[in-house]
$ cat structure-v3.cif   # mmCIF, C-alpha atoms
data_input
#
loop_
_atom_site.group_PDB
_atom_site.id
_atom_site.type_symbol
_atom_site.label_atom_id
_atom_site.label_comp_id
_atom_site.auth_asym_id
_atom_site.auth_seq_id
_atom_site.Cartn_x
_atom_site.Cartn_y
_atom_site.Cartn_z
ATOM 1 C CA MET P 1 82.142 128.728 116.179
ATOM 2 C CA LYS P 2 85.548 129.917 117.361
ATOM 3 C CA VAL P 3 87.041 132.680 115.219
ATOM 4 C CA HIS P 4 90.797 132.368 114.576
ATOM 5 C CA GLY P 5 92.591 134.675 117.031
ATOM 6 C CA SER P 6 89.515 135.310 119.172
ATOM 7 C CA THR P 7 90.777 133.553 122.307
ATOM 8 C CA ASN P 8 93.905 133.301 124.439
ATOM 9 C CA GLU P 9 95.979 130.584 122.736
ATOM 10 C CA ASN P 10 98.902 130.661 125.189
ATOM 11 C CA PRO P 11 99.698 127.213 126.636
ATOM 12 C CA LYS P 12 96.993 126.385 129.190
ATOM 13 C CA ASP P 13 99.190 124.493 131.657
ATOM 14 C CA ILE P 14 101.166 127.551 132.819
ATOM 15 C CA SER P 15 100.271 131.077 133.956
ATOM 16 C CA PHE P 16 101.082 134.129 131.827
ATOM 17 C CA LEU P 17 103.822 135.357 134.198
ATOM 18 C CA ALA P 18 105.334 131.874 134.572
ATOM 19 C CA LEU P 19 105.312 131.568 130.780
ATOM 20 C CA LEU P 20 107.199 134.860 130.425
ATOM 21 C CA LYS P 21 109.730 133.678 133.022
ATOM 22 C CA GLU P 22 110.189 130.396 131.139
ATOM 23 C CA ASP P 23 110.722 132.319 127.872
ATOM 24 C CA PHE P 24 113.305 134.524 129.618
ATOM 25 C CA ILE P 25 115.196 131.419 130.766
ATOM 26 C CA THR P 26 114.881 129.867 127.269
ATOM 27 C CA HIS P 27 116.557 132.971 125.820
ATOM 28 C CA ASP P 28 119.551 132.592 128.187
ATOM 29 C CA LYS P 29 118.169 135.149 130.673
ATOM 30 C CA ASP P 30 119.229 137.903 128.252
ATOM 31 C CA ILE P 31 116.724 140.772 128.325
ATOM 32 C CA LEU P 32 118.345 142.168 125.164
ATOM 33 C CA GLU P 33 117.546 139.072 123.069
ATOM 34 C CA GLN P 34 115.286 140.315 120.310
ATOM 35 C CA GLY P 35 113.694 136.890 119.920
ATOM 36 C CA LEU P 36 112.597 137.177 123.553
ATOM 37 C CA TRP P 37 110.925 140.521 122.812
ATOM 38 C CA ALA P 38 108.996 138.990 119.892
ATOM 39 C CA VAL P 39 107.866 136.005 121.969
ATOM 40 C CA ALA P 40 106.906 138.205 124.956
ATOM 41 C CA VAL P 41 104.800 140.531 122.774
ATOM 42 C CA HIS P 42 103.187 137.462 121.182
ATOM 43 C CA ARG P 43 102.335 136.064 124.641
ATOM 44 C CA PHE P 44 100.912 139.449 125.704
ATOM 45 C CA GLY P 45 98.805 139.601 122.520
ATOM 46 C CA ASN P 46 97.283 136.233 123.374
ATOM 47 C CA TRP P 47 96.849 136.956 127.080
ATOM 48 C CA ARG P 48 94.823 140.105 126.338
ATOM 49 C CA MET P 49 92.321 138.020 124.373
ATOM 50 C CA GLY P 50 91.248 136.425 127.651
ATOM 51 C CA ILE P 51 90.188 139.820 129.101
ATOM 52 C CA LYS P 52 86.420 140.280 129.264
ATOM 53 C CA PRO P 53 84.535 142.462 128.450
ATOM 54 C CA LYS P 54 85.961 143.714 125.163
ATOM 55 C CA LEU P 55 85.804 147.290 126.417
ATOM 56 C CA LEU P 56 88.502 146.492 129.004
ATOM 57 C CA ARG P 57 90.556 144.727 126.327
ATOM 58 C CA ALA P 58 90.588 147.745 123.970
ATOM 59 C CA PRO P 59 93.481 149.679 125.612
ATOM 60 C CA LEU P 60 95.506 146.460 125.769
ATOM 61 C CA THR P 61 94.872 145.931 122.063
ATOM 62 C CA VAL P 62 96.230 149.410 121.327
ATOM 63 C CA LEU P 63 99.307 148.624 123.445
ATOM 64 C CA TYR P 64 99.747 145.223 121.756
ATOM 65 C CA THR P 65 99.527 146.811 118.290
ATOM 66 C CA PHE P 66 102.176 149.380 119.223
ATOM 67 C CA LEU P 67 104.498 146.733 120.737
ATOM 68 C CA PHE P 68 103.978 144.367 117.776
ATOM 69 C CA LYS P 69 104.947 147.099 115.297
ATOM 70 C CA TRP P 70 107.887 148.147 117.487
ATOM 71 C CA VAL P 71 109.263 144.569 117.476
ATOM 72 C CA GLU P 72 108.609 144.274 113.743
ATOM 73 C CA TRP P 73 110.433 147.543 112.955
ATOM 74 C CA THR P 74 113.338 147.256 115.403
ATOM 75 C CA CYS P 75 113.932 143.495 115.410
ATOM 76 C CA GLY P 76 112.740 142.434 111.969
ATOM 77 C CA ILE P 77 110.544 139.704 113.471
ATOM 78 C CA THR P 78 106.873 139.327 112.533
ATOM 79 C CA LEU P 79 105.081 136.945 114.902
ATOM 80 C CA HIS P 80 101.324 137.583 115.056
ATOM 81 C CA TYR P 81 99.438 136.550 118.175
ATOM 82 C CA THR P 82 97.246 134.305 116.003
ATOM 83 C CA VAL P 83 100.099 131.789 115.662
ATOM 84 C CA LYS P 84 99.611 129.091 118.298
ATOM 85 C CA LEU P 85 103.049 129.139 119.958
ATOM 86 C CA GLY P 86 104.256 126.314 122.183
ATOM 87 C CA ARG P 87 106.515 126.509 125.216
ATOM 88 C CA ARG P 88 110.272 127.187 125.210
ATOM 89 C CA VAL P 89 110.354 128.365 121.586
ATOM 90 C CA ARG P 90 113.767 129.933 120.912
ATOM 91 C CA ILE P 91 114.297 132.573 118.235
ATOM 92 C CA TRP P 92 118.068 132.631 117.932
ATOM 93 C CA HIS P 93 118.687 135.645 115.747
ATOM 94 C CA HIS P 94 116.763 138.656 114.603
ATOM 95 C CA SER P 95 115.990 140.115 111.209
ATOM 96 C CA GLY P 96 114.099 138.985 108.166
ATOM 97 C CA MET P 97 111.736 136.701 110.059
ATOM 98 C CA ILE P 98 108.122 136.198 109.012
ATOM 99 C CA LEU P 99 106.683 133.553 111.334
ATOM 100 C CA HIS P 100 103.146 133.089 110.037
ATOM 101 C CA ALA P 101 102.256 129.493 110.871
ATOM 102 C CA GLU P 102 99.154 127.762 112.135
ATOM 103 C CA SER P 103 101.173 126.497 115.088
ATOM 104 C CA ILE P 104 104.732 126.168 116.341
ATOM 105 C CA GLY P 105 105.273 123.391 118.879
ATOM 106 C CA ASP P 106 107.250 123.154 122.109
ATOM 107 C CA ASP P 107 111.060 123.403 122.191
ATOM 108 C CA VAL P 108 111.365 124.623 118.580
ATOM 109 C CA HIS P 109 114.548 126.483 117.573
ATOM 110 C CA ILE P 110 114.276 129.094 114.795
ATOM 111 C CA ARG P 111 117.178 130.951 113.165
ATOM 112 C CA HIS P 112 117.331 134.193 111.173
ATOM 113 C CA ASN P 113 115.782 134.888 107.775
ATOM 114 C CA THR P 114 113.114 132.230 108.317
ATOM 115 C CA THR P 115 109.831 132.553 106.455
ATOM 116 C CA MET P 116 106.691 130.609 107.330
ATOM 117 C CA GLY P 117 103.504 131.314 105.459
ATOM 118 C CA ILE P 118 101.288 130.857 102.460
ATOM 119 C CA VAL P 119 102.312 129.792 98.962
ATOM 120 C CA ARG P 120 99.838 131.965 97.046
ATOM 121 C CA ILE P 121 97.934 135.073 98.085
ATOM 122 C CA PHE P 122 94.511 133.456 97.730
ATOM 123 C CA GLN P 123 95.494 130.658 100.176
ATOM 124 C CA ASN P 124 95.493 132.795 103.329
ATOM 125 C CA PHE P 125 94.711 129.986 105.756
ATOM 126 C CA GLU P 126 96.956 127.289 104.292
ATOM 127 C CA LEU P 127 99.718 127.642 106.854
ATOM 128 C CA PRO P 128 102.493 125.339 108.108
ATOM 129 C CA VAL P 129 102.292 123.331 111.315
ATOM 130 C CA ILE P 130 105.623 122.884 113.085
ATOM 131 C CA GLU P 131 105.542 120.063 115.622
ATOM 132 C CA ASP P 132 107.612 119.784 118.834
ATOM 133 C CA ARG P 133 111.431 119.868 119.007
ATOM 134 C CA VAL P 134 112.040 120.972 115.405
ATOM 135 C CA ASP P 135 115.343 122.713 114.642
ATOM 136 C CA ILE P 136 114.989 125.228 111.783
ATOM 137 C CA GLY P 137 118.156 126.505 110.101
ATOM 138 C CA ALA P 138 118.886 130.007 108.790
ATOM 139 C CA GLY P 139 117.133 131.140 105.614
ATOM 140 C CA VAL P 140 114.495 128.400 105.643
ATOM 141 C CA CYS P 141 111.128 128.833 103.892
ATOM 142 C CA LEU P 142 108.223 126.708 105.161
ATOM 143 C CA LEU P 143 105.336 127.368 102.786
ATOM 144 C CA GLY P 144 101.749 126.197 102.486
ATOM 145 C CA LYS P 145 99.636 123.711 104.392
ATOM 146 C CA ILE P 146 102.503 121.436 105.372
ATOM 147 C CA ARG P 147 103.451 119.612 108.553
ATOM 148 C CA ILE P 148 107.000 119.484 109.858
ATOM 149 C CA GLY P 149 107.191 116.324 111.971
ATOM 150 C CA HIS P 150 108.454 116.364 115.533
ATOM 151 C CA ASP P 151 112.179 115.991 116.255
ATOM 152 C CA SER P 152 113.131 116.999 112.697
ATOM 153 C CA ILE P 153 115.947 119.206 111.444
ATOM 154 C CA ILE P 154 115.468 121.583 108.515
ATOM 155 C CA GLY P 155 118.822 122.571 106.995
ATOM 156 C CA ALA P 156 119.834 126.136 106.183
ATOM 157 C CA ASN P 157 118.207 127.692 103.093
ATOM 158 C CA ALA P 158 115.811 124.771 102.581
ATOM 159 C CA VAL P 159 112.512 125.511 100.834
ATOM 160 C CA VAL P 160 109.920 123.131 102.263
ATOM 161 C CA LEU P 161 106.728 122.689 100.222
ATOM 162 C CA LYS P 162 105.730 119.161 101.322
ATOM 163 C CA ASP P 163 105.266 117.417 104.662
ATOM 164 C CA ILE P 164 108.398 116.287 106.479
ATOM 165 C CA PRO P 165 107.959 113.128 108.566
ATOM 166 C CA PRO P 166 109.052 113.007 112.223
ATOM 167 C CA PHE P 167 112.749 112.365 112.999
ATOM 168 C CA SER P 168 113.882 113.599 109.557
ATOM 169 C CA VAL P 169 116.682 115.776 108.240
ATOM 170 C CA ALA P 170 115.555 117.814 105.218
ATOM 171 C CA VAL P 171 117.730 120.022 103.011
ATOM 172 C CA GLY P 172 117.661 121.682 99.604
ATOM 173 C CA ASN P 173 115.361 123.586 97.278
ATOM 174 C CA PRO P 174 112.878 121.979 97.115
ATOM 175 C CA ALA P 175 113.648 120.258 100.404
ATOM 176 C CA LYS P 176 114.175 116.516 100.420
ATOM 177 C CA VAL P 177 114.572 114.194 103.377
ATOM 178 C CA ILE P 178 118.161 112.938 103.346
ATOM 179 C CA LYS P 179 118.129 110.824 106.506
ATOM 180 C CA THR P 180 116.276 109.834 109.640
ATOM 181 C CA VAL P 181 117.719 110.972 112.970
ATOM 182 C CA ASN P 182 118.060 108.765 116.037
ATOM 183 C CA LYS P 183 114.640 108.163 117.573
ATOM 184 C CA GLY P 184 116.061 107.300 120.996
#
$ encode --input "structure-v3.cif" --output "structure tokens"
Amino acid sequence: MKVHGSTNENPKDISFLALLKEDFITHDKDILEQGLWAVAVHRFGNWRMGIKPKLLRAPLTVLYTFLFKWVEWTCGITLHYTVKLGRRVRIWHHSGMILHAESIGDDVHIRHNTTMGIVRIFQNFELPVIEDRVDIGAGVCLLGKIRIGHDSIIGANAVVLKDIPPFSVAVGNPAKVIKTVNKG
């Protein structure tokens, strides 16, 4: 049985260095983008899980822990390596970001003060799934075992507690789907 976070969950169709280069391009080739730092540390945290034996991985784990805390303290972004992160994920702003999801798909855009996570403390593994090409506005809360459908838009300050179908625009507290976006 595979233990959550026990393997390298970086996308399999691209090398670690190519993935970092793609993330750099996604963040407008700006080395000072704090979202890039969070994504790069996340990728490193996953990459190290592919190192065998564990004894060789240990110093990398110490380095990952230091870098993770550094990003958390200086950028205000919490993105654990256990989140399965797709390609070309863009974190637009820093600060107040807790990104604790089961997975975040490809080409997702995330803005500041976004919270993804559990609803109650005894539901530690009931986490959101964000599908591909989702645009998440500032101040959004995505809570519980929900699925945000591909190609959806979540409006600023929405609190999402239920699944959002693909191609939807959702706003409000609690979030409601107000329209379907063009599927073509």
$ resolve_selection --input "structure-v3.cif" --expression "the PyMOL selection byres ((chain P and resi 180) around 8)" --output "ChimeraX atom specification"
/P:167-169,177-179,181-182
$ atom_distance --input "structure-v3.cif" --atom1 "CA of Glu72 (chain P)" --atom2 "CA of Ala175 (chain P)"
27.9 Å
$ atom_distance --input "structure-v3.cif" --atom1 "CA of His100 (chain P)" --atom2 "CA of Leu127 (chain P)"
7.2 Å
$ residues_around --input "structure-v3.cif" --residues "Met116 (chain P)" --least-positions-apart "5" --cutoff "7 Å" --atoms "only C-alpha atoms" --output "number ranges by chain"
P: 98-101, 128, 141-143
$ closest_atom_pairs --input "structure-v3.cif" --of "region 41-132 of chain P" --to "region 150-165 of chain P" --cutoff "9 Å" --atoms "only C-alpha atoms" --output "JSON lines"
{"residue": "P:Gly105", "atom": "CA", "partner": "P:His150", "partner_atom": "CA", "distance": 8.4}
{"residue": "P:Val108", "atom": "CA", "partner": "P:Asp151", "partner_atom": "CA", "distance": 9.0}
{"residue": "P:Arg111", "atom": "CA", "partner": "P:Ala156", "partner_atom": "CA", "distance": 8.9}
{"residue": "P:Asn113", "atom": "CA", "partner": "P:Asn157", "partner_atom": "CA", "distance": 8.9}
{"residue": "P:Thr114", "atom": "CA", "partner": "P:Asn157", "partner_atom": "CA", "distance": 8.6}
{"residue": "P:Val119", "atom": "CA", "partner": "P:Leu161", "partner_atom": "CA", "distance": 8.5}
{"residue": "P:Ile130", "atom": "CA", "partner": "P:His150", "partner_atom": "CA", "distance": 7.5}
{"residue": "P:Glu131", "atom": "CA", "partner": "P:His150", "partner_atom": "CA", "distance": 4.7}
{"residue": "P:Asp132", "atom": "CA", "partner": "P:His150", "partner_atom": "CA", "distance": 4.8}
$ closest_residue --input "structure-v3.cif" --among "P:His112, P:Arg88, P:Arg120, P:His4" --to "Val134 (chain P)" --atoms "only C-alpha atoms"
P:Arg88
$ closest_residue --input "structure-v3.cif" --among "P:Pro11, P:Pro166, P:Gly35, P:Gly144" --to "Arg90 (chain P)" --atoms "all atoms listed in the file"
P:Gly35
$ residues_around --input "structure-v3.cif" --residues "region 44-47 of chain P" --least-positions-apart "3" --cutoff "10 Å" --atoms "all atoms listed in the file" --output "VMD selection string"
chain P and resid 5 to 11 15 to 17 20 38 to 41 50 to 51 60 to 61 63 to 65 67 to 68 80 to 85
$ atom_distance --input "structure-v3.cif" --atom1 "CA of Gly139 (chain P)" --atom2 "CA of Phe125 (chain P)"
22.5 Å
$ closest_residue --input "structure-v3.cif" --among "P:Ala170, P:Ile146, P:Lys12, P:Trp70" --to "Gln34 (chain P)" --atoms "all atoms listed in the file"
P:Trp70
$ build_atoms --input "structure-v3.cif" --residues "region 39-65 of chain P" --atoms "N, CA and C atoms" --output "PDB file, in the coordinates of the input"
ATOM      1  N   VAL P  39     108.665 137.022 121.286  1.00  0.00           N
ATOM      2  CA  VAL P  39     107.866 136.005 121.969  1.00  0.00           C
ATOM      3  C   VAL P  39     107.035 136.638 123.087  1.00  0.00           C
ATOM      4  N   ALA P  40     107.632 137.559 123.851  1.00  0.00           N
ATOM      5  CA  ALA P  40     106.906 138.205 124.956  1.00  0.00           C
ATOM      6  C   ALA P  40     105.721 139.017 124.434  1.00  0.00           C
ATOM      7  N   VAL P  41     105.906 139.754 123.349  1.00  0.00           N
ATOM      8  CA  VAL P  41     104.800 140.531 122.774  1.00  0.00           C
ATOM      9  C   VAL P  41     103.725 139.577 122.249  1.00  0.00           C
ATOM     10  N   HIS P  42     104.138 138.479 121.638  1.00  0.00           N
ATOM     11  CA  HIS P  42     103.187 137.462 121.182  1.00  0.00           C
ATOM     12  C   HIS P  42     102.360 136.940 122.357  1.00  0.00           C
ATOM     13  N   ARG P  43     103.038 136.594 123.453  1.00  0.00           N
ATOM     14  CA  ARG P  43     102.335 136.064 124.641  1.00  0.00           C
ATOM     15  C   ARG P  43     101.348 137.105 125.187  1.00  0.00           C
ATOM     16  N   PHE P  44     101.786 138.375 125.228  1.00  0.00           N
ATOM     17  CA  PHE P  44     100.912 139.449 125.704  1.00  0.00           C
ATOM     18  C   PHE P  44      99.686 139.580 124.797  1.00  0.00           C
ATOM     19  N   GLY P  45      99.916 139.508 123.476  1.00  0.00           N
ATOM     20  CA  GLY P  45      98.805 139.601 122.520  1.00  0.00           C
ATOM     21  C   GLY P  45      97.765 138.525 122.748  1.00  0.00           C
ATOM     22  N   ASN P  46      98.213 137.324 123.074  1.00  0.00           N
ATOM     23  CA  ASN P  46      97.283 136.233 123.374  1.00  0.00           C
ATOM     24  C   ASN P  46      96.613 136.426 124.726  1.00  0.00           C
ATOM     25  N   TRP P  47      97.380 136.780 125.731  1.00  0.00           N
ATOM     26  CA  TRP P  47      96.849 136.956 127.080  1.00  0.00           C
ATOM     27  C   TRP P  47      95.700 137.959 127.097  1.00  0.00           C
ATOM     28  N   ARG P  48      95.858 139.061 126.349  1.00  0.00           N
ATOM     29  CA  ARG P  48      94.823 140.105 126.338  1.00  0.00           C
ATOM     30  C   ARG P  48      93.506 139.601 125.780  1.00  0.00           C
ATOM     31  N   MET P  49      93.550 138.559 124.952  1.00  0.00           N
ATOM     32  CA  MET P  49      92.321 138.020 124.373  1.00  0.00           C
ATOM     33  C   MET P  49      91.451 137.315 125.420  1.00  0.00           C
ATOM     34  N   GLY P  50      92.020 137.024 126.572  1.00  0.00           N
ATOM     35  CA  GLY P  50      91.248 136.425 127.651  1.00  0.00           C
ATOM     36  C   GLY P  50      90.554 137.448 128.533  1.00  0.00           C
ATOM     37  N   ILE P  51      90.792 138.749 128.304  1.00  0.00           N
ATOM     38  CA  ILE P  51      90.188 139.820 129.101  1.00  0.00           C
ATOM     39  C   ILE P  51      88.753 140.047 128.626  1.00  0.00           C
ATOM     40  N   LYS P  52      87.832 140.003 129.555  1.00  0.00           N
ATOM     41  CA  LYS P  52      86.420 140.280 129.264  1.00  0.00           C
ATOM     42  C   LYS P  52      85.971 141.418 130.161  1.00  0.00           C
ATOM     43  N   PRO P  53      85.128 142.294 129.779  1.00  0.00           N
ATOM     44  CA  PRO P  53      84.535 142.462 128.450  1.00  0.00           C
ATOM     45  C   PRO P  53      85.520 143.116 127.472  1.00  0.00           C
ATOM     46  N   LYS P  54      85.110 143.158 126.218  1.00  0.00           N
ATOM     47  CA  LYS P  54      85.961 143.714 125.163  1.00  0.00           C
ATOM     48  C   LYS P  54      86.357 145.160 125.437  1.00  0.00           C
ATOM     49  N   LEU P  55      85.506 145.890 126.116  1.00  0.00           N
ATOM     50  CA  LEU P  55      85.804 147.290 126.417  1.00  0.00           C
ATOM     51  C   LEU P  55      87.073 147.411 127.264  1.00  0.00           C
ATOM     52  N   LEU P  56      87.287 146.495 128.189  1.00  0.00           N
ATOM     53  CA  LEU P  56      88.502 146.492 129.004  1.00  0.00           C
ATOM     54  C   LEU P  56      89.721 146.035 128.200  1.00  0.00           C
ATOM     55  N   ARG P  57      89.474 145.225 127.171  1.00  0.00           N
ATOM     56  CA  ARG P  57      90.556 144.727 126.327  1.00  0.00           C
ATOM     57  C   ARG P  57      91.077 145.799 125.359  1.00  0.00           C
ATOM     58  N   ALA P  58      90.246 146.753 125.007  1.00  0.00           N
ATOM     59  CA  ALA P  58      90.588 147.745 123.970  1.00  0.00           C
ATOM     60  C   ALA P  58      91.917 148.457 124.217  1.00  0.00           C
ATOM     61  N   PRO P  59      92.187 149.011 125.426  1.00  0.00           N
ATOM     62  CA  PRO P  59      93.481 149.679 125.612  1.00  0.00           C
ATOM     63  C   PRO P  59      94.657 148.716 125.498  1.00  0.00           C
ATOM     64  N   LEU P  60      94.444 147.456 125.897  1.00  0.00           N
ATOM     65  CA  LEU P  60      95.506 146.460 125.769  1.00  0.00           C
ATOM     66  C   LEU P  60      95.765 146.121 124.301  1.00  0.00           C
ATOM     67  N   THR P  61      94.719 146.164 123.494  1.00  0.00           N
ATOM     68  CA  THR P  61      94.872 145.931 122.063  1.00  0.00           C
ATOM     69  C   THR P  61      95.682 147.047 121.417  1.00  0.00           C
ATOM     70  N   VAL P  62      95.439 148.272 121.830  1.00  0.00           N
ATOM     71  CA  VAL P  62      96.230 149.410 121.327  1.00  0.00           C
ATOM     72  C   VAL P  62      97.697 149.227 121.720  1.00  0.00           C
ATOM     73  N   LEU P  63      97.938 148.853 122.980  1.00  0.00           N
ATOM     74  CA  LEU P  63      99.307 148.624 123.445  1.00  0.00           C
ATOM     75  C   LEU P  63      99.949 147.475 122.687  1.00  0.00           C
ATOM     76  N   TYR P  64      99.216 146.363 122.508  1.00  0.00           N
ATOM     77  CA  TYR P  64      99.747 145.223 121.756  1.00  0.00           C
ATOM     78  C   TYR P  64     100.127 145.641 120.340  1.00  0.00           C
ATOM     79  N   THR P  65      99.262 146.381 119.665  1.00  0.00           N
ATOM     80  CA  THR P  65      99.527 146.811 118.290  1.00  0.00           C
ATOM     81  C   THR P  65     100.802 147.654 118.223  1.00  0.00           C
TER      82      THR P  65
END
